[in-house]
$ cat work15.cif   # mmCIF, C-alpha atoms
data_protein
#
loop_
_atom_site.label_atom_id
_atom_site.label_comp_id
_atom_site.auth_asym_id
_atom_site.auth_seq_id
_atom_site.Cartn_x
_atom_site.Cartn_y
_atom_site.Cartn_z
CA MET A 1 -20.19 -1.40 -32.06
CA ALA A 2 -18.16 1.64 -30.99
CA GLU A 3 -19.54 4.95 -32.31
CA GLU A 4 -16.30 5.73 -34.18
CA CYS A 5 -15.49 2.19 -35.27
CA THR A 6 -12.72 1.92 -37.86
CA HIS A 7 -13.54 -1.75 -38.53
CA ASP A 8 -9.92 -2.58 -37.74
CA CYS A 9 -10.35 -5.04 -34.88
CA ALA A 10 -6.60 -5.71 -34.62
CA SER A 11 -6.02 -2.20 -33.24
CA CYS A 12 -9.07 -2.04 -30.99
CA SER A 13 -9.63 -3.38 -27.49
CA SER A 14 -13.43 -2.98 -27.47
CA ASN A 15 -15.31 -6.21 -26.90
CA CYS A 16 -18.28 -5.35 -29.11
CA GLU A 17 -20.65 -7.72 -30.92
CA SER A 18 -19.18 -6.84 -34.31
CA ARG A 19 -15.66 -7.86 -33.31
CA LYS A 20 -14.01 -10.18 -35.79
CA ALA A 21 -11.34 -12.56 -34.60
CA PRO A 22 -8.09 -10.91 -35.73
CA GLN A 23 -5.79 -12.91 -37.91
CA LYS A 24 -2.76 -14.12 -35.99
CA ASP A 25 0.60 -13.22 -37.48
CA LYS A 26 2.76 -16.09 -38.66
CA PHE A 27 6.44 -16.70 -38.06
CA ASN A 28 8.98 -16.60 -40.84
CA GLU A 29 8.63 -19.76 -42.93
CA LYS A 30 12.12 -20.82 -41.82
CA SER A 31 11.33 -20.41 -38.12
CA SER A 32 10.54 -23.22 -35.72
CA VAL A 33 8.96 -22.13 -32.45
CA GLY A 34 7.26 -24.24 -29.80
CA HIS A 35 5.65 -22.09 -27.09
CA VAL A 36 5.27 -18.30 -26.99
CA ILE A 37 5.00 -16.58 -23.61
CA GLY A 38 4.36 -12.90 -22.96
CA VAL A 39 5.95 -11.32 -19.90
CA VAL A 40 3.78 -8.34 -18.96
CA SER A 41 3.12 -5.81 -16.23
CA GLY A 42 0.51 -3.16 -15.63
CA LYS A 43 3.13 -0.48 -14.90
CA GLY A 44 6.82 0.18 -15.38
CA GLY A 45 9.66 -0.25 -12.93
CA VAL A 46 8.64 -3.62 -11.50
CA GLY A 47 11.51 -5.61 -13.03
CA LYS A 48 9.77 -7.22 -15.98
CA SER A 49 12.94 -7.41 -18.08
CA LEU A 50 14.82 -8.95 -15.16
CA VAL A 51 12.13 -11.61 -14.84
CA THR A 52 12.26 -12.27 -18.60
CA SER A 53 16.04 -12.64 -18.46
CA LEU A 54 16.06 -14.93 -15.42
CA LEU A 55 13.25 -17.05 -16.82
CA ALA A 56 15.16 -17.44 -20.10
CA VAL A 57 18.32 -18.47 -18.24
CA ALA A 58 16.38 -20.97 -16.10
CA LEU A 59 14.69 -22.56 -19.12
CA ASN A 60 18.00 -22.68 -20.98
CA ARG A 61 19.68 -24.46 -18.07
CA GLN A 62 16.88 -27.01 -18.06
CA GLY A 63 17.85 -27.98 -21.59
CA TYR A 64 15.43 -25.93 -23.69
CA ARG A 65 16.24 -23.69 -26.64
CA VAL A 66 15.11 -20.20 -25.69
CA GLY A 67 14.56 -16.96 -27.56
CA ILE A 68 13.75 -13.47 -26.29
CA LEU A 69 11.83 -10.93 -28.34
CA ASP A 70 12.44 -7.54 -26.73
CA ALA A 71 9.19 -5.73 -27.46
CA ASP A 72 10.03 -2.76 -25.24
CA ILE A 73 11.13 -0.68 -28.23
CA THR A 74 11.65 2.65 -26.47
CA GLY A 75 13.27 1.15 -23.37
CA PRO A 76 15.08 -2.03 -24.44
CA SER A 77 17.24 -3.53 -21.69
CA ILE A 78 17.57 -7.21 -22.61
CA PRO A 79 20.85 -6.77 -24.58
CA LYS A 80 22.41 -4.99 -21.61
CA ALA A 81 21.55 -7.83 -19.23
CA PHE A 82 23.21 -10.38 -21.52
CA GLY A 83 26.16 -8.22 -22.58
CA LEU A 84 25.10 -8.16 -26.24
CA LYS A 85 26.42 -5.38 -28.44
CA GLN A 86 26.83 -6.94 -31.88
CA GLY A 87 24.44 -5.93 -34.62
CA ILE A 88 21.75 -8.08 -36.19
CA GLU A 89 22.48 -9.75 -39.51
CA GLY A 90 19.97 -10.47 -42.22
CA ASP A 91 19.48 -11.54 -45.81
CA GLU A 92 16.62 -12.04 -48.24
CA ALA A 93 15.26 -14.84 -46.01
CA GLY A 94 14.92 -12.68 -42.90
CA LEU A 95 16.71 -11.41 -39.80
CA TYR A 96 18.95 -13.55 -37.59
CA PRO A 97 18.86 -12.91 -33.84
CA ALA A 98 21.98 -12.35 -31.78
CA ARG A 99 23.06 -15.22 -29.57
CA THR A 100 24.21 -14.91 -25.98
CA PRO A 101 27.28 -16.79 -24.67
CA GLY A 102 24.89 -19.32 -23.12
CA GLY A 103 23.00 -19.91 -26.37
CA ILE A 104 19.87 -17.76 -25.94
CA ASP A 105 18.67 -16.01 -29.10
CA VAL A 106 17.75 -12.32 -28.74
CA ILE A 107 16.17 -9.72 -31.01
CA SER A 108 16.04 -6.13 -29.77
CA LEU A 109 15.97 -2.72 -31.37
CA ASN A 110 19.08 -1.77 -29.38
CA LEU A 111 20.98 -4.29 -31.48
CA LEU A 112 19.95 -2.39 -34.62
CA LEU A 113 20.88 1.10 -33.43
CA PRO A 114 24.26 2.71 -34.19
CA ASP A 115 24.57 3.54 -30.48
CA GLU A 116 22.79 1.75 -27.61
CA LYS A 117 22.16 5.15 -25.99
CA SER A 118 20.32 6.53 -29.03
CA PRO A 119 16.69 7.34 -28.17
CA VAL A 120 13.82 5.86 -30.16
CA ILE A 121 11.37 8.70 -30.73
CA TRP A 122 8.59 6.95 -32.56
CA ARG A 123 4.82 7.00 -32.37
CA GLY A 124 2.75 4.00 -31.34
CA PRO A 125 1.83 2.54 -34.75
CA ILE A 126 5.48 2.48 -35.89
CA ILE A 127 6.56 0.84 -32.63
CA ALA A 128 3.83 -1.80 -32.89
CA GLY A 129 4.79 -2.47 -36.50
CA THR A 130 8.42 -3.01 -35.50
CA VAL A 131 7.40 -5.54 -32.86
CA LYS A 132 5.36 -7.42 -35.46
CA GLN A 133 8.40 -7.51 -37.75
CA PHE A 134 10.48 -9.00 -34.94
CA TYR A 135 7.86 -11.75 -34.73
CA THR A 136 7.36 -12.39 -38.45
CA ASP A 137 10.70 -11.50 -40.07
CA VAL A 138 13.18 -13.00 -37.61
CA ILE A 139 14.31 -16.57 -38.23
CA TRP A 140 13.88 -18.34 -34.89
CA ASP A 141 15.87 -21.55 -35.14
CA HIS A 142 14.27 -24.50 -33.28
CA ILE A 143 13.13 -22.45 -30.28
CA ASP A 144 11.26 -24.34 -27.56
CA TYR A 145 10.19 -21.22 -25.65
CA LEU A 146 10.02 -17.70 -27.09
CA LEU A 147 9.66 -15.08 -24.35
CA ILE A 148 8.25 -11.68 -25.33
CA ASP A 149 9.36 -8.90 -23.00
CA CYS A 150 6.48 -6.43 -23.33
CA PRO A 151 6.54 -2.75 -22.39
CA PRO A 152 4.41 -1.84 -19.36
CA GLY A 153 0.73 -1.02 -19.51
CA THR A 154 -2.11 -2.05 -21.78
CA GLY A 155 -1.37 0.18 -24.77
CA ASP A 156 -0.37 -0.34 -28.40
CA VAL A 157 2.41 -2.92 -28.06
CA PRO A 158 0.85 -5.20 -25.41
CA LEU A 159 -2.39 -5.05 -27.41
CA THR A 160 -0.50 -6.01 -30.57
CA VAL A 161 1.22 -8.90 -28.78
CA PHE A 162 -2.01 -10.20 -27.25
CA GLN A 163 -4.11 -9.86 -30.39
CA SER A 164 -1.71 -10.52 -33.25
CA PHE A 165 0.57 -13.19 -31.82
CA LYS A 166 -0.38 -16.73 -30.94
CA LEU A 167 0.44 -16.68 -27.22
CA ASP A 168 0.41 -19.86 -25.17
CA GLY A 169 0.29 -17.84 -21.98
CA ALA A 170 1.41 -14.78 -20.05
CA VAL A 171 3.42 -14.17 -16.91
CA ILE A 172 2.45 -11.06 -14.94
CA VAL A 173 5.14 -9.25 -12.95
CA SER A 174 4.36 -7.09 -9.93
CA SER A 175 5.89 -5.53 -6.83
CA PRO A 176 4.54 -5.54 -3.24
CA GLN A 177 2.85 -2.13 -3.02
CA GLU A 178 -0.94 -2.10 -2.70
CA LEU A 179 -1.18 0.27 -5.68
CA VAL A 180 0.54 -2.32 -7.85
CA SER A 181 -2.06 -4.96 -7.00
CA MET A 182 -4.62 -2.75 -8.72
CA ILE A 183 -2.34 -2.39 -11.74
CA VAL A 184 -1.81 -6.15 -11.85
CA ALA A 185 -5.56 -6.58 -11.97
CA LYS A 186 -5.65 -4.40 -15.08
CA ALA A 187 -3.11 -6.65 -16.82
CA ALA A 188 -4.99 -9.74 -15.67
CA ASN A 189 -8.30 -8.39 -16.96
CA MET A 190 -6.68 -7.53 -20.30
CA ALA A 191 -5.38 -11.11 -20.61
CA ASN A 192 -8.86 -12.43 -19.85
CA MET A 193 -10.45 -10.14 -22.44
CA MET A 194 -7.96 -11.36 -25.05
CA ASN A 195 -8.44 -15.02 -24.07
CA VAL A 196 -4.77 -15.40 -23.17
CA PRO A 197 -4.18 -17.78 -20.24
CA VAL A 198 -2.14 -16.38 -17.37
CA LEU A 199 0.51 -18.89 -16.29
CA GLY A 200 1.15 -17.16 -12.99
CA LEU A 201 2.41 -14.13 -11.10
CA VAL A 202 5.95 -13.15 -10.17
CA GLU A 203 6.49 -10.60 -7.42
CA ASN A 204 9.75 -8.71 -7.66
CA MET A 205 11.41 -6.68 -4.85
CA SER A 206 9.45 -8.69 -2.29
CA PHE A 207 12.06 -8.23 0.43
CA VAL A 208 15.72 -7.72 1.16
CA ARG A 209 17.56 -10.32 3.19
CA CYS A 210 19.74 -9.05 6.05
CA PRO A 211 23.32 -10.19 5.32
CA ASP A 212 24.01 -10.64 9.06
CA CYS A 213 20.97 -12.43 10.49
CA GLY A 214 19.16 -13.56 7.31
CA LYS A 215 15.90 -11.85 8.31
CA GLU A 216 13.61 -10.85 5.46
CA ILE A 217 12.92 -7.09 5.56
CA ARG A 218 9.91 -5.94 3.56
CA ILE A 219 10.95 -2.48 2.43
CA PHE A 220 7.77 -1.84 0.44
CA GLY A 221 5.43 -3.20 3.10
CA GLU A 222 3.47 -6.39 3.21
CA SER A 223 2.83 -8.18 -0.05
CA HIS A 224 -0.59 -8.24 -1.70
CA ILE A 225 0.30 -10.81 -4.34
CA ASP A 226 -1.60 -13.62 -2.64
CA GLU A 227 -4.79 -11.54 -2.63
CA VAL A 228 -4.53 -10.88 -6.36
CA ALA A 229 -3.65 -14.51 -7.06
CA ALA A 230 -6.66 -15.69 -5.09
CA GLU A 231 -8.96 -13.19 -6.81
CA PHE A 232 -8.06 -14.44 -10.29
CA GLY A 233 -7.12 -18.02 -9.49
CA TYR A 234 -3.50 -17.70 -10.63
CA PRO A 235 -0.50 -19.40 -9.03
CA VAL A 236 2.29 -17.31 -7.51
CA LEU A 237 5.34 -18.55 -9.40
CA ALA A 238 8.00 -16.74 -7.38
CA ARG A 239 8.85 -13.93 -4.99
CA LEU A 240 12.15 -12.28 -5.87
CA PRO A 241 14.23 -10.42 -3.29
CA ILE A 242 16.13 -7.19 -3.79
CA ASP A 243 19.58 -8.62 -4.46
CA PRO A 244 22.56 -6.28 -5.08
CA ALA A 245 24.58 -9.19 -6.48
CA LEU A 246 21.88 -9.86 -9.09
CA SER A 247 21.74 -6.17 -10.00
CA ALA A 248 25.51 -6.18 -10.46
CA LEU A 249 25.31 -9.12 -12.87
CA VAL A 250 22.75 -7.25 -14.97
CA ASP A 251 24.89 -4.10 -15.02
CA GLU A 252 27.90 -6.18 -16.08
CA GLY A 253 25.94 -8.00 -18.79
CA ARG A 254 26.49 -11.35 -17.08
CA ILE A 255 22.99 -12.40 -16.09
CA GLU A 256 23.74 -15.90 -17.38
CA CYS A 257 26.36 -16.24 -14.63
CA VAL A 258 23.76 -16.15 -11.84
CA GLU A 259 24.60 -19.03 -9.50
CA LYS A 260 21.16 -19.78 -8.08
CA ASP A 261 18.50 -18.63 -10.50
CA PRO A 262 15.49 -17.62 -8.36
CA LEU A 263 13.13 -18.54 -11.21
CA THR A 264 14.27 -22.15 -11.57
CA ASP A 265 11.11 -23.54 -9.96
CA ALA A 266 8.94 -21.03 -11.84
CA ALA A 267 10.42 -22.20 -15.16
CA ALA A 268 9.70 -25.83 -14.26
CA ALA A 269 6.11 -24.92 -13.32
CA ILE A 270 5.60 -23.16 -16.66
CA VAL A 271 6.98 -26.13 -18.59
CA LYS A 272 4.61 -28.42 -16.70
CA ALA A 273 1.62 -26.14 -17.31
CA LEU A 274 2.28 -26.05 -21.05
CA SER A 275 3.11 -29.72 -21.50
#

$ encode --input "work15.cif" --output "structure tokens"
Amino acid sequence: MAEECTHDCASCSSNCESRKAPQKDKFNEKSSVGHVIGVVSGKGGVGKSLVTSLLAVALNRQGYRVGILDADITGPSIPKAFGLKQGIEGDEAGLYPARTPGGIDVISLNLLLPDEKSPVIWRGPIIAGTVKQFYTDVIWDHIDYLLIDCPPGTGDVPLTVFQSFKLDGAVIVSSPQELVSMIVAKAANMANMMNVPVLGLVENMSFVRCPDCGKEIRIFGESHIDEVAAEFGYPVLARLPIDPALSALVDEGRIECVEKDPLTDAAAAIVKALS
């Protein structure tokens, strides 16, 4: 037992003998959710929200009902990618997520703010509590796959998601730099400690394709994703290029208009793994 144990195992990452299995939070009684998947990364700036968005679009196109819980409270970007600006409605039964033009349900703090540029200056416990409310108070209507876009790192919110929510698996996002492979290992070890299966790795910004000759140019050096995948026994689900056209779609709020979703095969692999 830790020397300064508070006996609140839900807010502690120590793997001591006195640990009690934390109670998993339950969805709103009117919700219907199939699988819950956390999209995580060991550090920021690797494109985790982009991966969440593309994965949601790919699953939606394959005929599944998809929801996104934007758990990145201080840096929410999911509404921007989908062009969502309307507020969230609610009643005594709970909150109702916004719906994208393509039919994906989204809950994000940015949809509750008076201005999407307003900063959220909250401390960790309040942020974690808000994420739990998004999970328990929102009415998720017949969702096959609920994707949780986690903030980077292994702090309060990822810990809350891993410990308090019933996750069917996690997708870890990385970039090619050698430093990031170490950070990915931290996220992988956290998943293992919390007994959450890792469905696979997605490497973003793997290369840029020359528009003239088609050659793949590795701006950030050679990838280390295969080494990490081999170390932990995870599949590499996808390697995403740096694509200005994709970035433009995100900036325009039209991510659902992507012609060739680079995560189509990754979505199919996840469905197969969870079936």

$ closest_residue --input "work15.cif" --among "A:Pro176, A:Gly233, A:Pro97, A:Gly214" --to "Val66 of chain A" --atoms "all atoms listed in the file"
A:Pro97

$ resolve_selection --input "work15.cif" --expression "the PyMOL selection byres ((chain A and resi 217) around 10)" --output "VMD selection string"
chain A and resid 206 to 210 214 to 216 218 to 222 241 to 242

$ closest_residue --input "work15.cif" --among "A:Asn192, A:Gln62, A:Asn110, A:Asn28" --to "Glu92 of chain A" --atoms "only C-alpha atoms"
A:Asn28

$ resolve_selection --input "work15.cif" --expression "the PyMOL selection byres ((chain A and resi 136-142) around 7)" --output "CSV table (one decimal) with C-alpha atoms, keeping the file's coordinate frame"
chain,number,residue,atom,x,y,z
A,25,ASP,CA,0.6,-13.2,-37.5
A,26,LYS,CA,2.8,-16.1,-38.7
A,27,PHE,CA,6.4,-16.7,-38.1
A,28,ASN,CA,9.0,-16.6,-40.8
A,30,LYS,CA,12.1,-20.8,-41.8
A,31,SER,CA,11.3,-20.4,-38.1
A,32,SER,CA,10.5,-23.2,-35.7
A,33,VAL,CA,9.0,-22.1,-32.4
A,65,ARG,CA,16.2,-23.7,-26.6
A,94,GLY,CA,14.9,-12.7,-42.9
A,95,LEU,CA,16.7,-11.4,-39.8
A,96,TYR,CA,19.0,-13.6,-37.6
A,97,PRO,CA,18.9,-12.9,-33.8
A,132,LYS,CA,5.4,-7.4,-35.5
A,133,GLN,CA,8.4,-7.5,-37.8
A,134,PHE,CA,10.5,-9.0,-34.9
A,135,TYR,CA,7.9,-11.8,-34.7
A,143,ILE,CA,13.1,-22.4,-30.3
A,144,ASP,CA,11.3,-24.3,-27.6

$ axis_aligned_box --input "work15.cif" --around "segment 166-184 of chain A" --padding-each-side "3 Å" --output "JSON"
{"center_x": 0.6, "center_y": -9.8, "center_z": -16.8, "size_x": 16.5, "size_y": 26.1, "size_z": 34.2}

$ resolve_selection --input "work15.cif" --expression "the PyMOL selection byres ((chain A and resi 60) around 12)" --output "PyMOL selection string"
chain A and resi 53-59+61-68+100-105+143-147+256+261+263-264+267-268+271

$ closest_residue --input "work15.cif" --among "A:Gln86, A:Ser275, A:Ser41, A:Ser181" --to "Gly153 of chain A" --atoms "all atoms listed in the file"
A:Ser41

$ atom_distance --input "work15.cif" --atom1 "atom CA of Gly44 of chain A" --atom2 "atom CA of Pro152 of chain A"
5.1 Å

$ residues_around --input "work15.cif" --residues "Leu113 of chain A" --least-positions-apart "2" --cutoff "12 Å" --atoms "only C-alpha atoms" --output "ChimeraX atom specification"
/A:73-74,76,79,85-88,108-111,115-120

$ decode --input "work15.cif" --residues "segment 259-270 of chain A" --atoms "all heavy atoms" --output "compact mmCIF listing (two decimals), in the first residue's frame"
# COMPACT_ATOMS: atom_id res chain seq x y z
N GLU A 259 -12.27 11.48 -49.48
CA GLU A 259 -12.60 10.54 -50.55
C GLU A 259 -12.10 9.12 -50.25
O GLU A 259 -12.84 8.15 -50.34
CB GLU A 259 -12.04 11.02 -51.88
CG GLU A 259 -12.73 12.29 -52.40
CD GLU A 259 -12.23 12.68 -53.77
OE1 GLU A 259 -11.42 11.92 -54.36
OE2 GLU A 259 -12.64 13.74 -54.27
N LYS A 260 -10.85 9.01 -49.90
CA LYS A 260 -10.27 7.71 -49.58
C LYS A 260 -9.79 7.75 -48.13
O LYS A 260 -8.69 8.23 -47.84
CB LYS A 260 -9.12 7.37 -50.52
CG LYS A 260 -9.55 7.19 -51.98
CD LYS A 260 -8.35 6.82 -52.85
CE LYS A 260 -8.78 6.62 -54.30
NZ LYS A 260 -7.63 6.27 -55.17
N ASP A 261 -10.62 7.26 -47.24
CA ASP A 261 -10.28 7.29 -45.82
C ASP A 261 -9.10 6.34 -45.57
O ASP A 261 -9.21 5.13 -45.79
CB ASP A 261 -11.49 6.85 -44.99
CG ASP A 261 -11.31 7.13 -43.50
OD1 ASP A 261 -10.18 6.99 -43.00
OD2 ASP A 261 -12.31 7.49 -42.85
N PRO A 262 -7.96 6.88 -45.11
CA PRO A 262 -6.78 6.02 -44.89
C PRO A 262 -6.93 5.03 -43.75
O PRO A 262 -6.05 4.17 -43.57
CB PRO A 262 -5.67 7.04 -44.60
CG PRO A 262 -6.38 8.24 -44.08
CD PRO A 262 -7.68 8.28 -44.81
N LEU A 263 -8.01 5.13 -42.98
CA LEU A 263 -8.22 4.20 -41.88
C LEU A 263 -9.33 3.19 -42.16
O LEU A 263 -9.83 2.53 -41.25
CB LEU A 263 -8.52 4.95 -40.58
CG LEU A 263 -7.36 5.72 -39.97
CD1 LEU A 263 -7.74 6.33 -38.64
CD2 LEU A 263 -6.13 4.83 -39.79
N THR A 264 -9.68 3.03 -43.44
CA THR A 264 -10.72 2.07 -43.80
C THR A 264 -10.34 0.65 -43.39
O THR A 264 -11.13 -0.07 -42.77
CB THR A 264 -10.99 2.11 -45.32
OG1 THR A 264 -11.48 3.42 -45.66
CG2 THR A 264 -12.01 1.06 -45.73
N ASP A 265 -9.13 0.25 -43.73
CA ASP A 265 -8.68 -1.11 -43.38
C ASP A 265 -8.50 -1.26 -41.87
O ASP A 265 -8.78 -2.33 -41.31
CB ASP A 265 -7.36 -1.43 -44.09
CG ASP A 265 -7.53 -1.58 -45.60
OD1 ASP A 265 -8.68 -1.78 -46.04
OD2 ASP A 265 -6.52 -1.48 -46.32
N ALA A 266 -8.05 -0.18 -41.21
CA ALA A 266 -7.88 -0.22 -39.75
C ALA A 266 -9.22 -0.42 -39.07
O ALA A 266 -9.35 -1.20 -38.11
CB ALA A 266 -7.22 1.06 -39.27
N ALA A 267 -10.26 0.26 -39.57
CA ALA A 267 -11.60 0.12 -38.99
C ALA A 267 -12.09 -1.32 -39.14
O ALA A 267 -12.65 -1.90 -38.21
CB ALA A 267 -12.55 1.09 -39.67
N ALA A 268 -11.87 -1.89 -40.32
CA ALA A 268 -12.29 -3.28 -40.56
C ALA A 268 -11.55 -4.23 -39.63
O ALA A 268 -12.14 -5.20 -39.12
CB ALA A 268 -12.05 -3.65 -42.02
N ALA A 269 -10.26 -3.97 -39.39
CA ALA A 269 -9.46 -4.83 -38.51
C ALA A 269 -9.96 -4.75 -37.07
O ALA A 269 -10.01 -5.75 -36.35
CB ALA A 269 -7.99 -4.43 -38.58
N ILE A 270 -10.37 -3.55 -36.65
CA ILE A 270 -10.89 -3.38 -35.29
C ILE A 270 -12.22 -4.10 -35.13
O ILE A 270 -12.47 -4.77 -34.11
CB ILE A 270 -11.02 -1.88 -34.97
CG1 ILE A 270 -9.63 -1.26 -34.80
CG2 ILE A 270 -11.87 -1.66 -33.71
CD1 ILE A 270 -9.64 0.25 -34.66
